[in-house]
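Below: one structure, written as structure tokens.
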Amino acid sequence: MEDNLENENKLLGKIISKFNVDGRVQRKRRVWVNIDKENLVELCTFIKDEGITHLSAISVTDWIKEGEYEITYHLWSYENKILLTLKTRIDRENPVIQSVQSVWGESAQIHERELYELFGVKFEGNTELSPLFLEDWHGPPPFRKDFDWRAYVREKYYDKENEREKSYFEGG
Amino acid sequence: MEIEQISAHEYEIFFGPAHPGSGNFSVKLKVDGEKIISARADPGYLHRGFEKLMEYRTPIQNAVLSDRICVLEPLAWNLIHAEAVEELLGIDTPERAKYIRVVMAELSRIQSHIIWYGVMSIGMGFDTGFKIAFGYRDYILDLFEMITGGRVYPAGYICPGGVRRDFPKGAKENILKVLDKIDEMIKLEEMENPAFLYRAKGIGVLALTDAQRLGATGPVLRASGMKTDIRKDDPYEVYDGFDFEVPVRKEGDVYARYYVGLEEIKQSIKIVKQALNELPDGDFIVEAFKKPKLNLKIPEGEVYVRNEIARGEAGIHMVSDGGAKPYRVKVRGPSFLHMIPVLEFLLKGAQIADVPAIYWSLNGCPADLDR
């Protein structure tokens, strides 16, 4: 059975005609769009008016070899029943991006607060980026690819006297 | 409870993490007499870093790991993880596996909603409700033990490719027997006594606009008047073939959430019965996955999979760079939104006595919040 992708193509066409971006329809109800970070807030305001009112999640992927972070916004439209995913890349050394809190309110705020803690991405315009999960953590953002938690645990908490830990870390 | 005194009538109290009714989670409340001025959620007691752990492991290992994302409904998380891997691999599971998955996911929803009812009752001082709920939940755990081998954690029963084992002999009859038991429990649940209504009606009201702005999903959103269900709107497995309704209430208070939860148990029973009736014969797992595939490479790509679990919208965003392990996994838990923005919003201005009722009516799970 061939899926009817009319709605998906229509939404993608609307975004492409308004902004200079590229995107694709992955399958029924899934549309992926790559955007520039400069366009982010403007584009989000535009698509929210198009009925995409639910921010499902924000995610960060650490492409360490390319020196870039990829920020991914998963958005759902209750009306059209389409999941639109926006992707944008930012510099890994200076990870700053505009916050979408002004568009999606508190649900965006809390996702961004989490990602600031775990990846160190600064969201400009977010009202609160204080630590969420980690207490008294002074190390680097732990979800970055260059943070090796095994090495960290070994250096910090390895107890040579403890037989069980010894066998885990040194084998035998 | 720790109490820090600021003035004679203004002080801060902790609800949790050692409070018997809070789970591994706490809320810091600033109160003036009996009234809450502001609430601040303090998560992190169960932060295990699944997203990072999964980057170090293969899908076969992650299937088992995905159990632990939520203590109260491991099968639902098993299913989402398996769907994400399958979509990346581009494989389709056998029909029978899809039906078995639906049966397991719905049984998991029923037992989770039963816990919801139980903890909501005890939060309002109705101990009998708690005992009834946990007693009846055990029948479903017995089913899980028979089918998956584990009472609470199925250890990756729903795995990429299908399900780990076929239904054992007599499973169908036993499931139907247990469903009759659950019917019996619903009759007990439906008894509405005035004490319960006083503590539930008009308490913790969440308007629809607020619910959407704060990111509420699932039963919480439905209790505020939005008719939406991922099983209907964004169907996965074989949900589009079943006849069931999406219960909705307009009030948005604790009672509305209780009511939606109760109706959803009835609808889930309907789905399980249909699925068992139509259960096709055939394989329960893709041939290539019958023995765990150890040198499995995930093709390059990324997917976002969403499921309707008992608490609301759950999702996994999986990115692969073509290696044996996923490059990045993002887990979206429904409680993350319900227990931080929604809870903080609802508690502001409430009375101390209503905190447990509001807290439990959101059906939060600290485990899928912290991940």
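FYI, nothing fancy with the structure tokens labels: chains A, B, ... in order, residues from 1 per chain, ligands from 1 as they appear.
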What residues in chain B lie within 9 Å of chain A, counting only C-alpha atoms, written as a VMD selection string? chain B and resid 42 to 47 49 51 to 52 212 to 216 228 233 to 234 304 313 to 315 317 319 327 to 332 336 to 337 340 to 342 370
Can you pull out the residues contacting Asn295 (chain B)? Cut-off 10 Å, using only C-alpha atoms, and skip same-chain residues under 4 positions away; I want them as a list in words.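 After dropping sequence-adjacent residues, the list is Thr58, Gly323 and Ala324 of chain B.
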I'd like the neighbourhood of Ser99 (chain A) as number ranges by chain, where a residue qualifies if any of its atoms comes within 12 Å (using only C-alpha atoms), though same-chain residues fewer than 3 positions away should be ignored. A: 37-42, 44, 58, 71, 73, 96, 102-113, 115-116, 121-129
Which residues are close to Gly261 (chain B), i.e. within 7 Å by only C-alpha atoms, leaving aside same-chain residues fewer than 3 positions away? Reply as an MDAnalysis selection string. chainID B and resid 113 219 257:258 264:265
Filtering to N, CA and C atoms, could you give me those residues as a PDB file, in the first residue's frame?
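And here is the file that came out, again30.pdb:
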```
ATOM      1  N   HIS B 113      -1.683   1.733  35.125  1.00  0.00           N
ATOM      2  CA  HIS B 113      -2.820   2.548  35.552  1.00  0.00           C
ATOM      3  C   HIS B 113      -3.354   2.065  36.902  1.00  0.00           C
ATOM      4  N   PRO B 219      -2.635  11.044  29.278  1.00  0.00           N
ATOM      5  CA  PRO B 219      -3.848  11.181  30.085  1.00  0.00           C
ATOM      6  C   PRO B 219      -3.987  12.568  30.720  1.00  0.00           C
ATOM      7  N   ARG B 257      -8.458  13.478  35.875  1.00  0.00           N
ATOM      8  CA  ARG B 257      -7.334  12.595  35.556  1.00  0.00           C
ATOM      9  C   ARG B 257      -7.601  11.175  36.055  1.00  0.00           C
ATOM     10  N   TYR B 258      -8.200  11.079  37.252  1.00  0.00           N
ATOM     11  CA  TYR B 258      -8.570   9.759  37.783  1.00  0.00           C
ATOM     12  C   TYR B 258      -9.556   9.079  36.836  1.00  0.00           C
ATOM     13  N   GLU B 264      -9.363   4.426  30.570  1.00  0.00           N
ATOM     14  CA  GLU B 264      -8.322   3.849  29.714  1.00  0.00           C
ATOM     15  C   GLU B 264      -8.074   2.381  30.015  1.00  0.00           C
ATOM     16  N   ILE B 265      -8.257   1.997  31.288  1.00  0.00           N
ATOM     17  CA  ILE B 265      -8.124   0.571  31.614  1.00  0.00           C
ATOM     18  C   ILE B 265      -9.181  -0.211  30.839  1.00  0.00           C
TER      19      ILE B 265
END
```
I need the strand (DSSP E) residues of region 253-341 of chain B per DSSP on the backbone, written as JSON, numbers by chain. {"B": [301, 302, 303, 304, 305, 306, 307, 308, 309, 312, 313, 314, 315, 316, 317, 318, 319, 320, 328, 329, 330, 331, 332]}
Please provide as a VMD selection string all residues within 6 Å of Trp77 (chain B), with the sequence filter that same-chain residues fewer than 3 positions apart are discarded (counting only C-alpha atoms). chain B and resid 66 74 80
Fewer than 5 positions away in the same chain doesn't count, so skip those; otherwise give me all residues within 10 Å of Asp91 (chain A), counting only C-alpha atoms, as a list in words. Glu66, Gly67, Glu68, Tyr69, Glu70, Val96, Ile97 and Val121 of chain A
Between CA of Val33 (chain A) and CA of Leu86 (chain A), distance in Å (one decimal):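 Computed distance, CA of Val33 (chain A) to CA of Leu86 (chain A), equals 5.0 Å.
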Record the distance separating CA of Val153 (chain A) and CA of Arg68 (chain B), expressed in Å with one decimal.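 CA of Arg68 (chain B) lies at a distance of 21.6 Å from CA of Val153 (chain A).
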Please list as a compact mmCIF listing (two decimals) with C-alpha atoms, in the first residue's frame every residue within 7 Å of Ala367 (chain B), counting only C-alpha atoms and excluding residues in the same chain fewer than 4 positions away.
```
# COMPACT_ATOMS: atom_id res chain seq x y z
CA LEU B 46 17.58 8.41 39.68
CA ILE B 69 14.08 3.46 31.92
CA CYS B 70 10.79 3.20 33.75
CA VAL B 71 10.27 0.84 36.66
CA ARG B 371 16.66 8.62 32.85
```
Selected residue of minimal separation from Ile47 (chain A) among A:Lys166, A:Arg150, A:Arg92, A:Lys18, counting only C-alpha atoms: A:Lys18
